[in-house]
Every structure is written in C-alpha cells, then in structure tokens.
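Have a look at data.txt below; it lists compact mmCIF, C-alpha atoms.
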```
# COMPACT_ATOMS: atom_id res chain seq x y z
CA MET A 14 37.91 -9.36 -2.74
CA SER A 15 39.88 -11.01 -0.01
CA GLU A 16 39.34 -14.39 1.52
CA GLN A 17 37.42 -14.28 4.74
CA GLN A 18 39.44 -14.33 7.89
CA GLY A 19 38.87 -17.15 10.29
CA ASN A 20 36.92 -19.07 7.71
CA THR A 21 38.25 -22.32 9.10
CA ASN A 22 36.64 -21.98 12.51
CA ASP A 23 33.39 -20.72 11.05
CA GLN A 24 31.73 -23.98 11.96
CA TRP A 25 32.18 -26.26 14.89
CA LYS A 26 30.41 -29.14 16.45
CA ALA A 27 28.22 -28.24 19.39
CA PRO A 28 28.03 -30.74 22.27
CA SER A 29 24.60 -31.83 21.08
CA GLY A 30 26.17 -32.97 17.83
CA ARG A 31 24.07 -30.39 16.02
CA ARG A 32 26.17 -28.49 13.54
CA THR A 33 26.02 -24.85 14.25
CA ASP A 34 28.28 -21.90 13.83
CA GLU A 35 30.34 -20.08 16.34
CA TRP A 36 28.64 -16.71 15.87
CA SER A 37 25.12 -18.03 16.42
CA GLU A 38 26.42 -19.69 19.54
CA CYS A 39 27.88 -16.40 20.78
CA LEU A 40 24.60 -14.57 20.21
CA THR A 41 22.71 -17.27 22.06
CA LEU A 42 25.14 -17.04 25.00
CA ILE A 43 24.76 -13.25 25.14
CA ALA A 44 20.99 -13.56 25.16
CA ALA A 45 21.02 -16.27 27.83
CA ASN A 46 23.59 -14.94 30.31
CA GLU A 47 24.87 -11.58 29.12
CA ASP A 48 28.08 -13.43 28.33
CA ARG A 49 30.82 -10.86 27.85
CA ALA A 50 33.43 -13.37 26.70
CA ALA A 51 31.11 -14.41 23.89
CA PHE A 52 30.52 -10.75 23.08
CA THR A 53 34.27 -10.13 22.95
CA ARG A 54 34.72 -12.98 20.46
CA LEU A 55 31.94 -11.55 18.32
CA PHE A 56 33.46 -8.10 18.55
CA ARG A 57 36.90 -9.27 17.44
CA HIS A 58 35.40 -10.95 14.40
CA PHE A 59 32.75 -8.43 13.33
CA ALA A 60 34.07 -5.02 14.43
CA PRO A 61 36.87 -4.97 11.79
CA LEU A 62 34.31 -5.91 9.12
CA ILE A 63 31.84 -3.26 10.28
CA LYS A 64 34.59 -0.66 10.15
CA ALA A 65 35.52 -1.75 6.62
CA PHE A 66 31.83 -1.59 5.70
CA ALA A 67 31.57 1.95 7.13
CA LEU A 68 34.58 3.10 5.13
CA SER A 69 33.67 1.46 1.80
CA GLY A 70 33.13 4.10 -0.80
CA SER A 71 32.30 6.76 1.74
CA ASN A 72 34.24 9.76 2.94
CA LEU A 73 33.47 9.06 6.58
CA SER A 74 36.36 9.82 8.91
CA ALA A 75 37.91 6.99 10.91
CA THR A 76 36.34 8.55 14.02
CA VAL A 77 32.84 8.37 12.58
CA ALA A 78 33.52 4.82 11.34
CA ASP A 79 34.55 3.88 14.91
CA GLU A 80 31.32 5.41 16.20
CA LEU A 81 29.37 3.24 13.80
CA VAL A 82 31.27 0.15 15.00
CA GLN A 83 30.29 0.99 18.59
CA GLU A 84 26.69 1.67 17.69
CA VAL A 85 26.32 -1.60 15.76
CA MET A 86 27.99 -3.72 18.43
CA LEU A 87 25.83 -2.17 21.17
CA LYS A 88 22.73 -2.98 19.11
CA VAL A 89 23.98 -6.54 18.67
CA TRP A 90 24.24 -6.83 22.46
CA GLN A 91 20.79 -5.35 23.01
CA LYS A 92 19.03 -7.30 20.31
CA ALA A 93 20.72 -10.66 20.87
CA GLY A 94 17.52 -11.85 22.58
CA ALA A 95 15.62 -11.42 19.33
CA PHE A 96 18.10 -13.50 17.33
CA ASN A 97 16.69 -16.89 16.48
CA PRO A 98 19.36 -19.35 15.32
CA GLU A 99 16.69 -21.62 13.86
CA LYS A 100 15.50 -18.87 11.60
CA ALA A 101 18.40 -16.64 10.64
CA ALA A 102 22.11 -16.89 9.99
CA ALA A 103 24.22 -14.91 12.46
CA SER A 104 26.29 -13.15 9.83
CA THR A 105 23.21 -12.07 7.88
CA TRP A 106 21.66 -10.83 11.09
CA VAL A 107 24.72 -8.76 12.01
CA TYR A 108 25.03 -7.50 8.44
CA THR A 109 21.43 -6.21 8.43
CA ILE A 110 21.99 -4.40 11.73
CA ALA A 111 25.16 -2.81 10.33
CA ARG A 112 23.35 -1.87 7.11
CA ASN A 113 20.49 -0.21 9.00
CA CYS A 114 22.76 1.65 11.42
CA ARG A 115 24.80 2.95 8.49
CA THR A 116 21.67 4.09 6.65
CA ASP A 117 20.48 5.94 9.75
CA MET A 118 23.91 7.46 10.24
CA PHE A 119 24.04 8.73 6.64
CA ARG A 120 20.59 10.26 7.09
CA ARG A 121 21.64 11.92 10.35
CA LEU A 122 24.75 13.35 8.69
CA GLN A 123 22.59 14.73 5.88
CA LYS A 124 20.27 16.28 8.48
CA PHE A 125 17.46 14.21 7.10
CA ASP A 126 14.41 14.85 9.28
CA THR A 127 12.32 11.69 9.24
CA PRO A 128 10.04 9.81 11.59
CA ILE A 129 11.17 6.53 9.98
CA ALA A 130 14.22 4.53 11.08
CA ALA A 131 15.91 2.05 8.74
CA ASP A 132 14.72 -0.70 11.12
CA ASP A 133 11.11 0.23 10.35
CA VAL A 134 11.66 -0.22 6.64
CA CYS A 135 14.09 -3.15 6.59
CA PRO A 136 13.55 -5.20 9.75
CA GLU A 137 15.99 -8.00 10.46
CA GLN A 138 15.35 -11.14 8.56
CA GLU A 139 12.94 -13.52 10.23
CA GLY A 140 12.99 -16.52 7.95
CA GLU A 141 9.54 -18.03 8.21
CA GLU A 142 10.21 -21.49 6.96
CA PRO A 143 11.67 -24.28 9.04
CA PHE A 144 15.27 -25.15 8.16
CA SER A 145 15.71 -21.74 6.67
CA GLN A 146 19.02 -21.39 8.48
CA LEU A 147 20.29 -24.48 6.73
CA GLN A 148 18.98 -23.20 3.42
CA SER A 149 20.43 -19.84 4.09
CA ARG A 150 23.85 -21.32 4.90
CA ARG A 151 23.81 -23.49 1.79
CA ASN A 152 22.76 -20.47 -0.16
CA ARG A 153 25.68 -18.48 1.20
CA GLU A 154 28.18 -21.28 0.67
CA ARG A 155 27.06 -21.57 -2.93
CA VAL A 156 27.15 -17.81 -3.41
CA ARG A 157 30.61 -17.60 -1.85
CA GLU A 158 31.91 -20.29 -4.20
CA MET A 159 30.32 -18.77 -7.27
CA MET A 160 31.39 -15.27 -6.38
CA LYS A 161 34.95 -16.28 -7.30
CA GLU A 162 33.82 -17.01 -10.84
CA LEU A 163 32.03 -13.71 -11.26
CA PRO A 164 33.50 -11.42 -13.94
CA ALA A 165 35.21 -8.40 -12.39
CA ASP A 166 32.75 -5.89 -13.83
CA GLN A 167 29.80 -7.68 -12.22
CA ALA A 168 31.54 -8.12 -8.87
CA GLN A 169 32.41 -4.43 -8.92
CA ILE A 170 28.76 -3.40 -9.32
CA LEU A 171 27.61 -5.71 -6.52
CA ALA A 172 30.26 -4.22 -4.24
CA LYS A 173 29.11 -0.70 -5.10
CA VAL A 174 25.46 -1.47 -4.48
CA TYR A 175 25.89 -3.53 -1.34
CA MET A 176 29.06 -2.44 0.38
CA GLU A 177 28.98 1.21 -0.67
CA GLY A 178 25.20 1.49 -0.46
CA LYS A 179 24.91 3.12 -3.87
CA SER A 180 21.72 2.93 -5.91
CA HIS A 181 22.00 1.58 -9.45
CA ALA A 182 21.69 5.15 -10.73
CA GLU A 183 24.49 6.39 -8.45
CA ALA A 184 26.69 3.46 -9.44
CA ALA A 185 26.05 4.28 -13.11
CA GLY A 186 27.04 7.90 -12.50
CA GLU A 187 30.25 7.01 -10.68
CA LEU A 188 31.35 4.42 -13.21
CA ASP A 189 30.25 6.55 -16.14
CA LEU A 190 28.05 3.77 -17.50
CA PRO A 191 24.48 3.83 -18.81
CA LEU A 192 21.93 2.82 -16.16
CA GLY A 193 20.82 -0.08 -18.37
CA THR A 194 24.35 -1.52 -18.33
CA VAL A 195 24.50 -1.39 -14.53
CA LYS A 196 21.10 -3.08 -14.25
CA SER A 197 22.01 -5.82 -16.70
CA ARG A 198 25.30 -6.51 -14.86
CA VAL A 199 23.39 -6.88 -11.60
CA ARG A 200 20.91 -9.17 -13.32
CA LEU A 201 23.66 -11.31 -14.86
CA ALA A 202 25.49 -11.55 -11.54
CA LEU A 203 22.34 -12.66 -9.71
CA GLN A 204 21.65 -15.18 -12.44
CA LYS A 205 25.12 -16.69 -12.02
CA LEU A 206 24.67 -16.75 -8.25
CA GLN A 207 21.32 -18.45 -8.82
CA ILE A 208 19.38 -15.86 -6.91
CA GLN A 209 15.98 -15.51 -8.48
CA MET A 210 12.39 -14.97 -7.71
CA GLU A 211 9.80 -17.62 -8.26
CA SER A 212 8.16 -17.10 -11.61
CA TYR A 213 5.64 -14.36 -11.38
CA SER A 214 4.73 -11.29 -13.36
CA TYR A 215 6.16 -7.86 -12.76
CA GLY A 216 4.31 -4.64 -12.19
CA MET B 80 -2.03 -12.86 -2.68
CA ALA B 81 -0.19 -10.21 -4.64
CA LYS B 82 0.31 -10.91 -8.34
CA PHE B 83 2.46 -7.94 -9.31
CA HIS B 84 5.84 -7.47 -7.68
CA PRO B 85 8.91 -5.26 -7.66
CA GLU B 86 11.55 -6.47 -10.09
CA LEU B 87 14.69 -8.15 -8.83
CA ASP B 88 16.88 -5.07 -9.29
CA LEU B 89 14.58 -3.01 -7.09
CA LEU B 90 14.60 -5.72 -4.43
CA THR B 91 18.39 -5.80 -4.65
CA GLU B 92 18.60 -2.09 -3.92
CA TYR B 93 16.12 -2.59 -1.09
CA ALA B 94 18.14 -5.43 0.46
CA ALA B 95 21.39 -3.50 0.05
CA GLY B 96 19.90 -0.48 1.81
CA SER B 97 20.59 1.70 -1.22
CA LEU B 98 16.99 2.52 -2.09
CA SER B 99 15.71 5.96 -1.15
CA LEU B 100 13.65 6.10 2.03
CA ALA B 101 10.26 6.73 0.39
CA GLN B 102 10.72 4.00 -2.22
CA ALA B 103 12.04 1.54 0.37
CA ALA B 104 8.96 2.23 2.50
CA CYS B 105 6.71 1.40 -0.46
CA VAL B 106 8.59 -1.85 -1.22
CA ALA B 107 8.42 -2.74 2.49
CA ALA B 108 4.67 -2.12 2.46
CA HIS B 109 4.32 -4.50 -0.49
CA MET B 110 6.19 -7.17 1.46
CA ASN B 111 3.52 -6.98 4.09
CA TYR B 112 1.29 -8.68 1.57
CA CYS B 113 3.88 -10.84 -0.15
CA GLU B 114 5.80 -13.74 1.32
CA GLN B 115 7.58 -14.49 -1.97
CA CYS B 116 9.24 -11.09 -1.97
CA ARG B 117 10.16 -11.39 1.70
CA ARG B 118 11.91 -14.66 0.89
CA THR B 119 13.67 -13.21 -2.13
CA ALA B 120 14.79 -10.22 -0.06
CA GLY B 121 16.13 -12.71 2.51
CA GLN B 122 18.26 -14.35 -0.18
CA LEU B 123 19.48 -10.96 -1.31
CA GLU B 124 20.41 -10.10 2.27
CA ASP B 125 22.35 -13.35 2.48
CA LEU B 126 24.25 -12.18 -0.59
CA GLY B 127 24.95 -8.91 1.24
CA ALA B 128 26.23 -10.88 4.23
CA THR B 129 28.56 -12.86 1.97
CA LEU B 130 30.01 -9.67 0.53
CA PHE B 131 30.27 -8.24 4.05
CA ASP B 132 32.10 -11.35 5.31
CA SER B 133 34.69 -11.03 2.58
CA LEU B 134 35.55 -7.37 3.11
CA GLN B 135 39.19 -6.60 3.86
CA PRO B 136 38.99 -6.12 7.68
CA GLU B 137 40.07 -2.76 9.12
CA THR B 138 42.05 -2.55 12.34
CA VAL B 139 39.94 -2.02 15.44
CA GLY B 140 41.95 -1.72 18.63
CA ASP B 141 41.28 -2.88 22.18
CA VAL B 142 40.53 0.72 23.10
CA GLN B 143 37.38 0.40 21.02
CA LEU B 144 36.47 -2.94 22.51
CA ASN B 145 36.91 -1.64 26.04
CA ALA B 146 34.88 1.46 25.26
CA VAL B 147 32.01 -0.73 24.11
CA LEU B 148 32.31 -3.12 27.05
CA ALA B 149 32.17 -0.14 29.42
CA ARG B 150 28.95 1.04 27.83
CA LEU B 151 27.15 -2.29 28.12
CA ASP B 152 26.23 -1.54 31.74
CA ASP B 153 24.40 1.63 30.79
CA LEU B 154 22.17 -0.13 28.32
CA PRO B 155 18.62 -1.06 29.14
CA PRO B 156 18.24 -4.76 29.97
CA LEU B 157 18.13 -7.32 27.20
CA SER B 158 14.57 -6.76 26.31
CA TYR B 159 13.64 -6.29 22.76
CA THR B 160 10.24 -6.18 21.22
CA LYS B 161 9.94 -8.61 18.39
CA VAL B 162 9.21 -7.24 14.98
CA GLU B 163 5.58 -7.97 14.39
CA GLN B 164 4.86 -10.43 11.65
CA PRO B 165 2.79 -8.66 9.04
CA LEU B 166 -0.84 -9.67 9.03
CA ALA B 167 -2.25 -10.55 5.67
CA GLY B 168 -4.67 -7.97 4.39
CA GLN B 169 -4.01 -5.37 7.08
CA THR B 170 -2.71 -1.92 6.29
CA PRO B 171 1.07 -2.11 6.80
CA ALA B 172 2.11 -0.93 10.27
CA LEU B 173 4.58 1.58 8.86
CA LEU B 174 1.78 3.27 6.87
CA GLN B 175 -0.52 3.24 9.86
CA ARG B 176 2.15 5.08 11.78
CA LEU B 177 2.63 7.68 9.06
CA MET B 178 -1.15 8.12 8.76
CA ARG B 179 -1.63 8.44 12.52
CA GLY B 180 -5.11 7.03 12.16
CA ASN B 181 -7.50 5.56 9.64
CA PHE B 182 -8.02 6.44 6.02
CA ALA B 183 -11.17 8.32 7.03
CA ASP B 184 -9.28 10.58 9.45
CA LEU B 185 -6.83 11.87 6.86
CA ALA B 186 -7.03 15.25 5.18
CA TRP B 187 -8.01 14.49 1.57
CA LYS B 188 -7.51 16.98 -1.19
CA LYS B 189 -10.10 16.68 -3.94
CA ILE B 190 -8.50 16.65 -7.39
CA THR B 191 -11.44 15.54 -9.57
CA LYS B 192 -14.95 14.28 -8.83
CA THR B 193 -13.64 10.77 -8.22
CA LEU B 194 -10.02 11.31 -7.17
CA SER B 195 -8.72 12.65 -3.84
CA ILE B 196 -5.14 12.73 -2.61
CA SER B 197 -3.71 12.72 0.90
CA TYR B 198 -0.01 13.52 1.32
CA LEU B 199 2.00 11.72 3.96
CA SER B 200 5.32 12.92 5.27
CA THR B 201 8.32 10.59 5.17
CA GLY B 202 11.01 13.27 5.38
CA ASP B 203 12.49 12.08 2.08
CA PRO B 204 13.15 15.28 0.12
CA GLY B 205 13.28 13.51 -3.23
CA TYR B 206 9.87 11.85 -3.30
CA GLU B 207 6.19 12.55 -2.89
CA PHE B 208 4.54 9.88 -0.79
CA ALA B 209 0.77 10.05 -1.12
CA LEU B 210 -2.43 8.07 -0.84
CA TYR B 211 -4.84 8.15 -3.78
CA HIS B 212 -8.51 7.55 -3.17
CA ILE B 213 -10.50 6.69 -6.29
CA LYS B 214 -14.25 6.24 -5.95
CA ALA B 215 -15.65 2.88 -7.12
CA GLY B 216 -15.76 2.90 -10.90
CA GLY B 217 -14.00 6.27 -10.96
CA LYS B 218 -11.28 7.09 -13.41
CA ILE B 219 -8.00 8.91 -12.97
CA PRO B 220 -7.66 11.13 -16.05
CA GLU B 221 -5.16 9.79 -18.56
CA HIS B 222 -1.71 10.90 -17.50
CA THR B 223 1.96 10.33 -18.03
CA HIS B 224 4.84 10.82 -15.61
CA ARG B 225 7.70 13.21 -15.69
CA GLY B 226 9.58 10.78 -13.47
CA SER B 227 9.02 7.32 -12.03
CA GLU B 228 5.95 6.17 -10.14
CA MET B 229 5.58 3.32 -7.67
CA THR B 230 2.04 2.26 -6.88
CA LEU B 231 0.82 -0.17 -4.25
CA VAL B 232 -2.84 -1.14 -3.96
CA LEU B 233 -3.98 -0.94 -0.33
CA GLU B 234 -7.76 -1.29 -0.62
CA GLY B 235 -10.04 -2.26 -3.47
CA GLY B 236 -8.41 -2.37 -6.87
CA PHE B 237 -8.10 -0.73 -10.26
CA SER B 238 -7.42 -1.64 -13.83
CA ASP B 239 -5.72 -0.07 -16.80
CA ALA B 240 -4.90 -1.17 -20.33
CA ASN B 241 -2.31 -3.64 -19.00
CA GLY B 242 -4.31 -5.51 -16.41
CA SER B 243 -6.18 -5.28 -13.15
CA TYR B 244 -4.58 -4.87 -9.77
CA HIS B 245 -5.71 -5.81 -6.30
CA GLN B 246 -4.59 -5.48 -2.69
CA GLY B 247 -0.83 -5.86 -2.35
CA ASP B 248 -0.08 -5.50 -6.06
CA PHE B 249 2.95 -3.37 -6.80
CA LEU B 250 3.55 -1.41 -9.99
CA PHE B 251 6.53 0.54 -11.18
CA ARG B 252 6.02 2.95 -14.03
CA GLU B 253 8.82 4.60 -15.92
CA PRO B 254 8.56 8.17 -17.12
CA SER B 255 6.42 8.52 -20.26
CA ASP B 256 4.25 5.44 -19.63
CA VAL B 257 0.76 6.76 -20.34
CA HIS B 258 -2.14 5.22 -18.48
CA ALA B 259 -5.64 5.92 -17.25
CA PRO B 260 -6.43 3.74 -14.24
CA THR B 261 -10.06 3.03 -13.39
CA ALA B 262 -11.16 1.81 -9.97
CA LEU B 263 -13.08 -1.46 -9.84
CA GLN B 264 -16.86 -1.02 -9.91
CA SER B 265 -17.46 -2.86 -6.67
CA GLU B 266 -15.57 -0.69 -4.16
CA ASP B 267 -13.45 2.40 -3.64
CA CYS B 268 -9.75 2.04 -4.26
CA ILE B 269 -6.93 3.35 -2.09
CA CYS B 270 -3.37 3.25 -3.40
CA LEU B 271 -0.02 4.41 -2.18
CA ALA B 272 1.88 6.32 -4.85
CA VAL B 273 5.53 7.33 -4.63
CA LEU B 274 6.65 9.84 -7.24
CA ASP B 275 9.84 11.71 -7.95
CA ALA B 276 8.16 14.16 -10.32
CA PRO B 277 4.57 15.34 -10.64
CA LEU B 278 1.94 13.66 -12.80
CA LYS B 279 1.14 15.19 -16.16
CA PHE B 280 -2.41 14.91 -17.43
CA THR B 281 -2.51 14.30 -21.16
CA SER B 282 -6.18 14.81 -22.04
CA TRP B 283 -7.22 18.32 -23.14
CA LYS B 284 -9.92 18.34 -20.47
CA HIS B 285 -7.49 18.04 -17.59
CA ARG B 286 -4.31 19.57 -18.95
CA TRP B 287 -5.09 22.92 -17.38
CA MET B 288 -4.42 21.32 -13.99
CA ASN B 289 -0.80 20.42 -14.75
CA PRO B 290 0.74 23.64 -13.44
CA PHE B 291 -1.02 23.01 -10.09
CA LEU B 292 0.37 19.51 -9.68
CA SER B 293 3.67 20.39 -8.10
CA LEU B 294 5.59 17.66 -6.30
CA ARG B 295 4.97 17.56 -2.55
CA ALA B 296 8.13 15.84 -1.46
CA GLY B 297 9.34 15.47 2.10
```
Represent the structure of the file as structure tokens.
Amino acid sequence: MSEQQGNTNDQWKAPSGRRTDEWSECLTLIAANEDRAAFTRLFRHFAPLIKAFALSGSNLSATVADELVQEVMLKVWQKAGAFNPEKAAASTWVYTIARNCRTDMFRRLQKFDTPIAADDVCPEQEGEEPFSQLQSRRNRERVREMMKELPADQAQILAKVYMEGKSHAEAAGELDLPLGTVKSRVRLALQKLQIQMESYSYG
Amino acid sequence: MAKFHPELDLLTEYAAGSLSLAQAACVAAHMNYCEQCRRTAGQLEDLGATLFDSLQPETVGDVQLNAVLARLDDLPPLSYTKVEQPLAGQTPALLQRLMRGNFADLAWKKITKTLSISYLSTGDPGYEFALYHIKAGGKIPEHTHRGSEMTLVLEGGFSDANGSYHQGDFLFREPSDVHAPTALQSEDCICLAVLDAPLKFTSWKHRWMNPFLSLRAG
C-alpha cells in the first residue's frame, strides 16, 4: 500500500487557531458559498482516489470508473450542506459516499431491481458524541500507523473486503482459503488496529 | 437497549459495503436500536477511509474536472434533507418503507396456529426477507436451517434454549443450529428474519410442511 499523497498538507491551522483539516474546510466553503475553487481542490485530491477505488478488484472499464468519479463528486457538492465538521471526518464522509455510489452502481450493472438505495442502508456517519471528530482523527492516525505493522496476509484481506467490496465468503473463494481463515485474519487485524466493540454478548 | 448484537466480522462487512442488500438492511435495522453498534460501525468506516486514503491514485484529467464543473449548474440547489436520527423503540424507517404501512395492514400467511409470516420485497435475489408474527406464548415448531438466519426482534420478545430476546436484539444462526423459539407470554412477538435457505422443521408433527417452505427471495 502506498503512502498517501499530500499527507503533509493534510492539516493546517485555521485563522481561529482551531486545528482543522483542509478537506473539512473545503466542504464547509462549498456549503456556505458554493465555492468552486474549494470544490476543485477537493476534486484534485479525491477524484484520483475514487477512480482507484472504482477499479480495485473490479472489471469496470475506465469509462465506467470515470462515471463513478463524476457521480461521487456531484454528490459531494450536493450534500456538502449536510457535512458537519464537528461530527465527522471529511475523508470518512467522502469515503462513505464513494462506497454507497459504488454499491448502487454494481447493483445497477447487475440489473438489480430494488426500492432500496445504499444510502438508505448505510447513511453517512453522524457521530453523535461531542469531539467525535477528534476521536475519529486520532483513531485514523493510530490505524494508519499500525497498518504498516500489519502482516501482509491480514492487510490483503482488509483490502479485499474494503477496497474491492468483497464479502468474507467471496474473499475466501478468490484466495482459495477456508472461510474460517479469512474471518480469523480479519479479527486479528482489527485486534491489532485496536478496533473493538464494547464488551457485550453476541447473538 | 439491545443485548444481542452482530459480531464484529458482520459489522466489518456492513461498513465495507460488502454485505448483501437484505442482510445489510437487517443490520441497519438493528442499529436503529443500538448506539454501540453505530459507534463501532463508525470506527470501521474510519478504517475504510484510511484504506481509501492510501490507495495508489489513478490519473484523472482536467477533462473530467471540467465536465463535473459544467454539471454543477444543472444540479438542484444545495438542499439536502438530513438523515433522520433513529428514534429509540420505533420501527426502523427503512422497514416502514418496505412495509408501506403498519404491521396490521400487511398480508400475513398463516403457517401454524400461532405463527404467521409476511414477506417483504427488497429486490435481493439471494435472500428471503420476512416478518414473523408469533402469538403471545406461541411456539415456532423446532427447526433447523439449511442456510444462515438473521433475526431481529421488532416487537415483544421470544426465548429459546440459549436465552431470551427483546426489542432490538439481533441473532445470527448458522446452518444446522436447531432451535424452537417461544414468544413471551405477555405479548405477541414480531421479528424480522433474513434467510438464504428455507427453514426445515425437525419434529415429526411438522415435517410434512418442509416441501412447502420454499425460499421467497427477492
């Protein structure tokens, strides 16, 4: 996995002295004044990632991938007003929009006839706690650091599940592994990344 | 407050968008009742965003950018209806939409004296998505599953050999788990059940029904 581009200017100091990140700022500017310069900056950063996301592990043509890029970026423009920098991280917000648009696109391509859109099932994150953006950023910084330490076989499964949108069963089929092995690799990876649920019983 | 939850691997598939539509809808309905799972899903989405951020970027030219900029004018104004925060205890909005009304308005198919089923349509060809209505104190005949079964309690509650389950509780049963759920004595129970293969009654009294229990997916 490559290092993120433009990592260095990911954060900057806003005039208020409040630490924020460039992409939240762009979304806020779009929502406030339909700021096209801010949108262009967002586009240059996210469009290449969305295209890479569209092409991961799929046989979509470059044309269809470009369509997805357009669709996601138009949604970002339209929904910017609903983005709340206090509650969600910009990159997570954009990622969930890209994920949902891709899910809907796959279903359209499979001529899936459904009254349900991916947005209905997986709405964008609306962290409910105060400071959740800070938590979320710390969480992501920690995860990003620890991701480097992840054994290759665990990183590979996470990439399949998240970036290629494969279920555990599909990942098992493609990698010719037992389903139990895939599940335990996911579990080990999440353990290392310290992502866990509070202790409660399972159904 | 829900006591039984989807396991972490199921939530991971949900957050990654790799869960089938019908199953994702059931997990989403559970989250209506469960803040813990919403928070966990949020963390798992943050993980997705981290993986997304570190993808090897593909080239996107200015042609693309200009095409998008040109389309911004045609879009409706920046109005966007906020996703409604789920209300505790209320039937999840997504289910209400699929039901197009109240539980009482649905077409219920009577299976036994105490069990009726109403099939909802999600469009997912791999899964049956149905509501089970069990009369207070009523029993679902002992059965096993040819596939997996997700269950979410919407109203009332039921119990089986492993415990008792109330509104918002989520259960995932693997094939071959045998159980005989009984609704609580105090009130009728309504559950959402998502199956990828039909039930199989195990008791001699109900086995004759097995051939009629075909999967109603879609």
- Task: Measure the distance from CA of Tyr108 (chain A) to CA of Arg157 (chain A) in Å and round it to one decimal.
- Result: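 Going from CA of Tyr108 (chain A) over to CA of Arg157 (chain A) covers 15.5 Å.
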- Message: Could you list, as a PyMOL selection string, every residue within 12 Å of region 113-120 of chain A, counting only C-alpha atoms and ignoring same-chain residues fewer than 4 positions away?
- Response: (chain A and resi 63-69+71-73+77-89+106-109+124-137+175-179) or (chain B and resi 93-100+103+124+202-204)
Selection export as an mmCIF file, in the frame of the given file, atoms kept: C-alpha atoms:
```
data_model
loop_
_atom_site.group_PDB
_atom_site.id
_atom_site.type_symbol
_atom_site.label_atom_id
_atom_site.label_comp_id
_atom_site.auth_asym_id
_atom_site.auth_seq_id
_atom_site.Cartn_x
_atom_site.Cartn_y
_atom_site.Cartn_z
ATOM 1 C CA ILE A 63 31.840 -3.260 10.280
ATOM 2 C CA LYS A 64 34.590 -0.660 10.150
ATOM 3 C CA ALA A 65 35.520 -1.750 6.620
ATOM 4 C CA PHE A 66 31.830 -1.590 5.700
ATOM 5 C CA ALA A 67 31.570 1.950 7.130
ATOM 6 C CA LEU A 68 34.580 3.100 5.130
ATOM 7 C CA SER A 69 33.670 1.460 1.800
ATOM 8 C CA SER A 71 32.300 6.760 1.740
ATOM 9 C CA ASN A 72 34.240 9.760 2.940
ATOM 10 C CA LEU A 73 33.470 9.060 6.580
ATOM 11 C CA VAL A 77 32.840 8.370 12.580
ATOM 12 C CA ALA A 78 33.520 4.820 11.340
ATOM 13 C CA ASP A 79 34.550 3.880 14.910
ATOM 14 C CA GLU A 80 31.320 5.410 16.200
ATOM 15 C CA LEU A 81 29.370 3.240 13.800
ATOM 16 C CA VAL A 82 31.270 0.150 15.000
ATOM 17 C CA GLN A 83 30.290 0.990 18.590
ATOM 18 C CA GLU A 84 26.690 1.670 17.690
ATOM 19 C CA VAL A 85 26.320 -1.600 15.760
ATOM 20 C CA MET A 86 27.990 -3.720 18.430
ATOM 21 C CA LEU A 87 25.830 -2.170 21.170
ATOM 22 C CA LYS A 88 22.730 -2.980 19.110
ATOM 23 C CA VAL A 89 23.980 -6.540 18.670
ATOM 24 C CA TRP A 106 21.660 -10.830 11.090
ATOM 25 C CA VAL A 107 24.720 -8.760 12.010
ATOM 26 C CA TYR A 108 25.030 -7.500 8.440
ATOM 27 C CA THR A 109 21.430 -6.210 8.430
ATOM 28 C CA LYS A 124 20.270 16.280 8.480
ATOM 29 C CA PHE A 125 17.460 14.210 7.100
ATOM 30 C CA ASP A 126 14.410 14.850 9.280
ATOM 31 C CA THR A 127 12.320 11.690 9.240
ATOM 32 C CA PRO A 128 10.040 9.810 11.590
ATOM 33 C CA ILE A 129 11.170 6.530 9.980
ATOM 34 C CA ALA A 130 14.220 4.530 11.080
ATOM 35 C CA ALA A 131 15.910 2.050 8.740
ATOM 36 C CA ASP A 132 14.720 -0.700 11.120
ATOM 37 C CA ASP A 133 11.110 0.230 10.350
ATOM 38 C CA VAL A 134 11.660 -0.220 6.640
ATOM 39 C CA CYS A 135 14.090 -3.150 6.590
ATOM 40 C CA PRO A 136 13.550 -5.200 9.750
ATOM 41 C CA GLU A 137 15.990 -8.000 10.460
ATOM 42 C CA TYR A 175 25.890 -3.530 -1.340
ATOM 43 C CA MET A 176 29.060 -2.440 0.380
ATOM 44 C CA GLU A 177 28.980 1.210 -0.670
ATOM 45 C CA GLY A 178 25.200 1.490 -0.460
ATOM 46 C CA LYS A 179 24.910 3.120 -3.870
ATOM 47 C CA TYR B 93 16.120 -2.590 -1.090
ATOM 48 C CA ALA B 94 18.140 -5.430 0.460
ATOM 49 C CA ALA B 95 21.390 -3.500 0.050
ATOM 50 C CA GLY B 96 19.900 -0.480 1.810
ATOM 51 C CA SER B 97 20.590 1.700 -1.220
ATOM 52 C CA LEU B 98 16.990 2.520 -2.090
ATOM 53 C CA SER B 99 15.710 5.960 -1.150
ATOM 54 C CA LEU B 100 13.650 6.100 2.030
ATOM 55 C CA ALA B 103 12.040 1.540 0.370
ATOM 56 C CA GLU B 124 20.410 -10.100 2.270
ATOM 57 C CA GLY B 202 11.010 13.270 5.380
ATOM 58 C CA ASP B 203 12.490 12.080 2.080
ATOM 59 C CA PRO B 204 13.150 15.280 0.120
#
```
- Dump as a PyMOL selection string all residues having an atom at most 10 Å from (10.4, 11.9, -1.9), computed in the file's coordinates with all atoms listed in the file. chain B and resi 99-102+200-209+273-276+294-297
- Message: as an MDAnalysis selection string, please: the residues near Tyr112 (chain B) (cut-off 12 Å, only C-alpha atoms, same-chain neighbours under 3 positions excluded).
- Response: chainID B and resid 80:84 105:109 115:117 164:172 231:234 245:249
- Would you mind telling me which residue in A:Gly94, A:Gly193, A:Gly186, A:Pro164 lies nearest to chain B when using all atoms listed in the file?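 Under the stated criterion, the closest residue is A:Gly94.
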- Gln209 (chain A): which residues within 8 Å, counting all atoms listed in the file, same-chain residues fewer than 3 positions away excluded, as JSON, numbers by chain? {"A": [203, 204], "B": [87, 119]}
